[in-house]
$ cat data-v7.txt   # compact mmCIF, N, CA and C atoms
# COMPACT_ATOMS: atom_id res chain seq x y z
N MET A 1 82.57 83.35 94.73
CA MET A 1 82.46 84.14 95.94
C MET A 1 81.11 83.85 96.59
N PRO A 2 81.12 83.60 97.90
CA PRO A 2 79.84 83.37 98.57
C PRO A 2 79.00 84.64 98.59
N ALA A 3 77.71 84.44 98.67
CA ALA A 3 76.79 85.58 98.70
C ALA A 3 77.04 86.40 99.96
N LEU A 4 77.03 87.72 99.78
CA LEU A 4 77.17 88.61 100.93
C LEU A 4 75.83 88.74 101.64
N THR A 5 75.91 88.74 102.94
CA THR A 5 74.72 88.93 103.76
C THR A 5 75.09 89.87 104.90
N PRO A 6 74.11 90.43 105.56
CA PRO A 6 74.43 91.23 106.75
C PRO A 6 75.23 90.42 107.77
N ASP A 7 74.96 89.11 107.86
CA ASP A 7 75.69 88.28 108.81
C ASP A 7 77.17 88.15 108.44
N THR A 8 77.49 88.05 107.15
CA THR A 8 78.90 87.94 106.78
C THR A 8 79.64 89.24 107.10
N ILE A 9 78.97 90.36 106.93
CA ILE A 9 79.58 91.64 107.27
C ILE A 9 79.73 91.78 108.78
N ARG A 10 78.73 91.32 109.53
CA ARG A 10 78.84 91.33 111.00
C ARG A 10 80.02 90.48 111.46
N THR A 11 80.23 89.34 110.81
CA THR A 11 81.36 88.49 111.14
C THR A 11 82.67 89.23 110.92
N LEU A 12 82.74 89.99 109.85
CA LEU A 12 83.93 90.80 109.57
C LEU A 12 84.16 91.82 110.69
N THR A 13 83.12 92.52 111.07
CA THR A 13 83.29 93.54 112.12
C THR A 13 83.60 92.89 113.47
N GLU A 14 83.06 91.70 113.72
CA GLU A 14 83.39 90.99 114.95
C GLU A 14 84.86 90.57 114.95
N THR A 15 85.37 90.16 113.80
CA THR A 15 86.78 89.80 113.69
C THR A 15 87.66 91.01 113.98
N LEU A 16 87.27 92.18 113.46
CA LEU A 16 88.02 93.40 113.77
C LEU A 16 87.97 93.72 115.26
N ALA A 17 86.82 93.51 115.87
CA ALA A 17 86.70 93.74 117.32
C ALA A 17 87.59 92.76 118.08
N ASP A 18 87.67 91.51 117.61
CA ASP A 18 88.55 90.53 118.24
C ASP A 18 90.01 90.96 118.11
N LEU A 19 90.38 91.49 116.95
CA LEU A 19 91.74 91.98 116.76
C LEU A 19 92.04 93.12 117.74
N THR A 20 91.10 94.03 117.88
CA THR A 20 91.29 95.15 118.81
C THR A 20 91.49 94.63 120.23
N ASP A 21 90.66 93.69 120.65
CA ASP A 21 90.81 93.10 121.99
C ASP A 21 92.17 92.44 122.14
N TYR A 22 92.59 91.72 121.12
CA TYR A 22 93.89 91.06 121.15
C TYR A 22 95.02 92.07 121.30
N LEU A 23 94.94 93.15 120.55
CA LEU A 23 95.99 94.17 120.60
C LEU A 23 96.03 94.87 121.96
N ARG A 24 94.91 94.92 122.65
CA ARG A 24 94.87 95.52 123.98
C ARG A 24 95.53 94.65 125.04
N GLU A 25 95.80 93.40 124.71
CA GLU A 25 96.38 92.46 125.66
C GLU A 25 97.91 92.41 125.59
N THR A 26 98.52 93.41 125.01
CA THR A 26 99.97 93.51 124.88
C THR A 26 100.57 92.27 124.22
N PRO A 27 100.23 92.04 122.95
CA PRO A 27 100.75 90.87 122.25
C PRO A 27 102.21 91.06 121.83
N ASP A 28 102.79 90.01 121.31
CA ASP A 28 104.11 90.10 120.70
C ASP A 28 104.03 91.13 119.58
N LEU A 29 104.99 92.05 119.53
CA LEU A 29 104.94 93.15 118.56
C LEU A 29 105.04 92.66 117.13
N ASP A 30 105.90 91.68 116.87
CA ASP A 30 106.01 91.15 115.51
C ASP A 30 104.68 90.58 115.04
N GLU A 31 104.02 89.85 115.91
CA GLU A 31 102.72 89.27 115.55
C GLU A 31 101.67 90.35 115.37
N ALA A 32 101.67 91.35 116.25
CA ALA A 32 100.69 92.44 116.14
C ALA A 32 100.86 93.18 114.81
N LEU A 33 102.10 93.48 114.45
CA LEU A 33 102.33 94.17 113.18
C LEU A 33 101.91 93.31 112.00
N ALA A 34 102.19 92.02 112.08
CA ALA A 34 101.79 91.11 111.00
C ALA A 34 100.28 91.03 110.86
N LEU A 35 99.56 91.06 111.97
CA LEU A 35 98.10 91.00 111.92
C LEU A 35 97.49 92.28 111.35
N VAL A 36 98.11 93.40 111.66
CA VAL A 36 97.57 94.69 111.22
C VAL A 36 97.98 95.02 109.78
N GLU A 37 99.09 94.47 109.35
CA GLU A 37 99.62 94.81 108.02
C GLU A 37 98.59 94.70 106.88
N PRO A 38 97.83 93.62 106.76
CA PRO A 38 96.86 93.57 105.65
C PRO A 38 95.79 94.66 105.73
N LEU A 39 95.49 95.10 106.94
CA LEU A 39 94.48 96.14 107.10
C LEU A 39 94.97 97.49 106.61
N LEU A 40 96.29 97.69 106.62
CA LEU A 40 96.85 98.99 106.27
C LEU A 40 97.55 98.98 104.91
N ASP A 41 97.42 97.90 104.16
CA ASP A 41 98.04 97.85 102.84
C ASP A 41 97.59 99.06 102.03
N GLU A 42 98.53 99.69 101.35
CA GLU A 42 98.21 100.94 100.65
C GLU A 42 97.28 100.75 99.46
N TYR A 43 97.14 99.54 98.95
CA TYR A 43 96.28 99.30 97.79
C TYR A 43 95.01 98.54 98.13
N THR A 44 95.09 97.65 99.10
CA THR A 44 93.94 96.80 99.39
C THR A 44 93.49 96.87 100.84
N GLY A 45 94.08 97.75 101.63
CA GLY A 45 93.75 97.85 103.05
C GLY A 45 92.38 98.45 103.31
N LEU A 46 92.02 98.48 104.56
CA LEU A 46 90.69 98.96 104.96
C LEU A 46 90.37 100.38 104.50
N PRO A 47 91.28 101.34 104.64
CA PRO A 47 90.91 102.70 104.21
C PRO A 47 90.50 102.75 102.73
N VAL A 48 91.26 102.07 101.88
CA VAL A 48 90.97 102.07 100.45
C VAL A 48 89.68 101.31 100.16
N GLN A 49 89.54 100.13 100.78
CA GLN A 49 88.35 99.33 100.55
C GLN A 49 87.08 100.02 101.05
N PHE A 50 87.17 100.64 102.23
CA PHE A 50 85.99 101.31 102.77
C PHE A 50 85.63 102.53 101.93
N ALA A 51 86.62 103.25 101.45
CA ALA A 51 86.36 104.39 100.55
C ALA A 51 85.65 103.91 99.29
N ASP A 52 86.12 102.82 98.72
CA ASP A 52 85.48 102.27 97.52
C ASP A 52 84.05 101.82 97.82
N THR A 53 83.85 101.25 99.00
CA THR A 53 82.51 100.81 99.40
C THR A 53 81.56 102.01 99.51
N LEU A 54 82.02 103.09 100.13
CA LEU A 54 81.19 104.28 100.27
C LEU A 54 80.86 104.89 98.91
N ARG A 55 81.83 104.92 98.01
CA ARG A 55 81.57 105.45 96.66
C ARG A 55 80.55 104.58 95.92
N ALA A 56 80.71 103.27 96.05
CA ALA A 56 79.78 102.35 95.39
C ALA A 56 78.37 102.50 95.96
N LEU A 57 78.26 102.71 97.27
CA LEU A 57 76.95 102.93 97.88
C LEU A 57 76.35 104.23 97.37
N ALA A 58 77.14 105.28 97.29
CA ALA A 58 76.64 106.56 96.78
C ALA A 58 76.12 106.40 95.35
N ARG A 59 76.87 105.68 94.53
CA ARG A 59 76.46 105.44 93.14
C ARG A 59 75.17 104.63 93.08
N ALA A 60 75.09 103.58 93.92
CA ALA A 60 73.88 102.74 93.94
C ALA A 60 72.66 103.55 94.33
N ILE A 61 72.82 104.43 95.30
CA ILE A 61 71.70 105.28 95.73
C ILE A 61 71.33 106.25 94.63
N GLN A 62 72.33 106.87 94.04
CA GLN A 62 72.07 107.87 93.00
C GLN A 62 71.37 107.26 91.79
N GLU A 63 71.73 106.03 91.44
CA GLU A 63 71.18 105.41 90.24
C GLU A 63 69.92 104.61 90.48
N HIS A 64 69.52 104.44 91.73
CA HIS A 64 68.33 103.63 92.03
C HIS A 64 67.08 104.41 91.63
N PRO A 65 66.18 103.77 90.90
CA PRO A 65 64.99 104.49 90.42
C PRO A 65 64.01 104.90 91.52
N ASP A 66 64.06 104.27 92.67
CA ASP A 66 63.11 104.60 93.74
C ASP A 66 63.60 105.72 94.66
N VAL A 67 64.83 106.16 94.48
CA VAL A 67 65.35 107.25 95.32
C VAL A 67 64.88 108.57 94.74
N PRO A 68 64.21 109.38 95.55
CA PRO A 68 63.71 110.65 95.03
C PRO A 68 64.86 111.58 94.64
N ARG A 69 64.67 112.33 93.60
CA ARG A 69 65.66 113.30 93.14
C ARG A 69 65.40 114.62 93.85
N THR A 70 65.91 114.70 95.09
CA THR A 70 65.69 115.88 95.91
C THR A 70 67.03 116.43 96.37
N ALA A 71 66.98 117.65 96.90
CA ALA A 71 68.19 118.25 97.45
C ALA A 71 68.71 117.43 98.64
N GLN A 72 67.80 116.88 99.43
CA GLN A 72 68.21 116.08 100.58
C GLN A 72 68.94 114.81 100.12
N ALA A 73 68.43 114.15 99.10
CA ALA A 73 69.09 112.95 98.58
C ALA A 73 70.45 113.32 98.01
N ASP A 74 70.53 114.42 97.28
CA ASP A 74 71.82 114.87 96.74
C ASP A 74 72.81 115.16 97.85
N LEU A 75 72.34 115.75 98.94
CA LEU A 75 73.22 116.05 100.07
C LEU A 75 73.74 114.76 100.72
N LEU A 76 72.88 113.78 100.88
CA LEU A 76 73.31 112.51 101.47
C LEU A 76 74.34 111.81 100.58
N ILE A 77 74.12 111.84 99.28
CA ILE A 77 75.07 111.25 98.33
C ILE A 77 76.41 111.99 98.41
N ALA A 78 76.35 113.30 98.49
CA ALA A 78 77.58 114.10 98.61
C ALA A 78 78.30 113.78 99.91
N GLU A 79 77.57 113.57 101.00
CA GLU A 79 78.18 113.23 102.28
C GLU A 79 78.90 111.88 102.20
N LEU A 80 78.29 110.93 101.51
CA LEU A 80 78.95 109.63 101.34
C LEU A 80 80.24 109.78 100.54
N ARG A 81 80.20 110.58 99.51
CA ARG A 81 81.40 110.79 98.69
C ARG A 81 82.49 111.54 99.45
N THR A 82 82.09 112.50 100.26
CA THR A 82 83.07 113.21 101.09
C THR A 82 83.71 112.25 102.09
N ALA A 83 82.89 111.42 102.70
CA ALA A 83 83.42 110.43 103.65
C ALA A 83 84.36 109.47 102.94
N ALA A 84 84.05 109.13 101.69
CA ALA A 84 84.93 108.24 100.93
C ALA A 84 86.30 108.89 100.72
N TRP A 85 86.30 110.17 100.37
CA TRP A 85 87.58 110.87 100.20
C TRP A 85 88.37 110.91 101.50
N GLU A 86 87.67 111.15 102.60
CA GLU A 86 88.34 111.19 103.90
C GLU A 86 88.94 109.83 104.24
N GLN A 87 88.23 108.77 103.95
CA GLN A 87 88.75 107.43 104.19
C GLN A 87 89.95 107.15 103.28
N ALA A 88 89.83 107.51 102.03
CA ALA A 88 90.92 107.26 101.08
C ALA A 88 92.19 107.99 101.50
N ASP A 89 92.04 109.15 102.12
CA ASP A 89 93.20 109.89 102.60
C ASP A 89 93.97 109.11 103.66
N GLN A 90 93.31 108.19 104.32
CA GLN A 90 93.95 107.41 105.37
C GLN A 90 94.81 106.28 104.80
N HIS A 91 94.86 106.14 103.47
CA HIS A 91 95.66 105.07 102.89
C HIS A 91 97.14 105.20 103.26
N THR A 92 97.55 106.38 103.68
CA THR A 92 98.96 106.58 104.05
C THR A 92 99.31 105.95 105.39
N LEU A 93 98.32 105.36 106.05
CA LEU A 93 98.62 104.68 107.31
C LEU A 93 99.65 103.57 107.14
N HIS A 94 99.77 103.04 105.92
CA HIS A 94 100.78 102.01 105.71
C HIS A 94 102.17 102.56 106.00
N CYS A 95 102.35 103.87 105.81
CA CYS A 95 103.64 104.50 106.13
C CYS A 95 103.91 104.45 107.63
N ALA A 96 102.87 104.62 108.42
CA ALA A 96 103.05 104.53 109.87
C ALA A 96 103.49 103.12 110.26
N LEU A 97 102.95 102.13 109.59
CA LEU A 97 103.36 100.75 109.87
C LEU A 97 104.83 100.55 109.50
N ASP A 98 105.24 101.10 108.35
CA ASP A 98 106.66 101.04 107.97
C ASP A 98 107.52 101.74 109.02
N ASP A 99 107.07 102.90 109.48
CA ASP A 99 107.82 103.64 110.48
C ASP A 99 107.91 102.87 111.80
N LEU A 100 106.84 102.19 112.18
CA LEU A 100 106.86 101.37 113.39
C LEU A 100 107.87 100.24 113.27
N ARG A 101 107.89 99.62 112.10
CA ARG A 101 108.87 98.54 111.88
C ARG A 101 110.29 99.09 111.99
N ASP A 102 110.50 100.25 111.39
CA ASP A 102 111.83 100.87 111.46
C ASP A 102 112.21 101.18 112.90
N LEU A 103 111.28 101.75 113.64
CA LEU A 103 111.53 102.10 115.04
C LEU A 103 111.79 100.85 115.86
N TYR A 104 110.98 99.86 115.68
CA TYR A 104 111.09 98.60 116.41
C TYR A 104 112.40 97.90 116.05
N GLY A 105 112.82 98.06 114.81
CA GLY A 105 114.05 97.43 114.35
C GLY A 105 115.29 98.23 114.69
N SER A 106 115.11 99.27 115.51
CA SER A 106 116.21 100.12 115.97
C SER A 106 116.90 100.88 114.85
N THR A 107 116.20 101.15 113.77
CA THR A 107 116.76 101.94 112.69
C THR A 107 116.65 103.40 113.07
N THR A 108 117.69 104.16 112.89
CA THR A 108 117.64 105.57 113.24
C THR A 108 116.85 106.34 112.20
N ALA A 109 116.33 107.47 112.59
CA ALA A 109 115.53 108.29 111.69
C ALA A 109 116.32 108.69 110.46
N ALA A 110 117.60 108.94 110.60
CA ALA A 110 118.42 109.35 109.45
C ALA A 110 118.59 108.23 108.44
N GLU A 111 118.48 106.98 108.88
CA GLU A 111 118.65 105.84 107.98
C GLU A 111 117.36 105.46 107.26
N ARG A 112 116.25 105.98 107.72
CA ARG A 112 114.96 105.59 107.14
C ARG A 112 114.71 106.29 105.83
N CYS A 113 114.06 105.58 104.93
CA CYS A 113 113.60 106.17 103.68
C CYS A 113 112.19 106.67 103.92
N CYS A 114 111.94 107.89 103.57
CA CYS A 114 110.60 108.47 103.81
C CYS A 114 109.83 108.52 102.50
N ARG A 115 109.68 107.40 101.85
CA ARG A 115 109.00 107.35 100.55
C ARG A 115 107.55 107.77 100.64
N CYS A 116 106.99 107.69 101.82
CA CYS A 116 105.57 108.03 101.98
C CYS A 116 105.35 109.52 102.20
N ARG A 117 106.38 110.24 102.48
CA ARG A 117 106.18 111.63 102.85
C ARG A 117 106.74 112.56 101.81
$ encode --input "data-v7.txt" --output "structure tokens"
Amino acid sequence: MPALTPDTIRTLTETLADLTDYLRETPDLDEALALVEPLLDEYTGLPVQFADTLRALARAIQEHPDVPRTAQADLLIAELRTAAWEQADQHTLHCALDDLRDLYGSTTAAERCCRCR
């Protein structure tokens, strides 16, 4: 794995911005869904990955010897963990993608399996 740098992360966020711009241009729906699908994967998608990143950052801060052991530091760590839980809750967005496919495929609501709900 190549070394992570702020520039590699900026490239990632720029790619997401490019995707957003592309989606604003009324693309082919099949292609749009295919492009978004990896982002919403229930196990490896952005909500899950970002939640894990926030938890890992909270742990790194908590365990770093130079971080003061104060109420303010504890509050910031707790805020990161709360944000991680909120992000993880968004993992169900993959169900919305399934529902969009069903809708786009002209499947009626009665025929759909609601495994996510």
$ atom_distance --input "data-v7.txt" --atom1 "atom C of A:Leu75" --atom2 "atom CA of A:Gln87"
17.1 Å
$ residues_around --input "data-v7.txt" --residues "A:Leu93" --least-positions-apart "5" --cutoff "7 Å" --atoms "all atoms listed in the file" --output "number ranges by chain"
A: 40-42, 98
$ closest_residue --input "data-v7.txt" --among "A:Glu14, A:Asp52, A:Asp66, A:Asp74" --to "A:Ala88" --atoms "only N, CA and C atoms"
A:Asp52
$ closest_residue --input "data-v7.txt" --among "A:Leu80, A:Ala73, A:Met1, A:Leu19" --to "A:Leu54" --atoms "only C-alpha atoms"
A:Leu80
$ atom_distance --input "data-v7.txt" --atom1 "atom N of A:Gln62" --atom2 "atom CA of A:Ile77"
6.7 Å
$ axis_aligned_box --input "data-v7.txt" --around "stretch 25-33 of chain A" --padding-each-side "8 Å" --output "AutoDock Vina command-line options"
--center_x 100.9 --center_y 91.7 --center_z 118.8 --size_x 26.2 --size_y 20.9 --size_z 29.7
$ atom_distance --input "data-v7.txt" --atom1 "atom N of A:Leu35" --atom2 "atom CA of A:Asp7"
24.2 Å
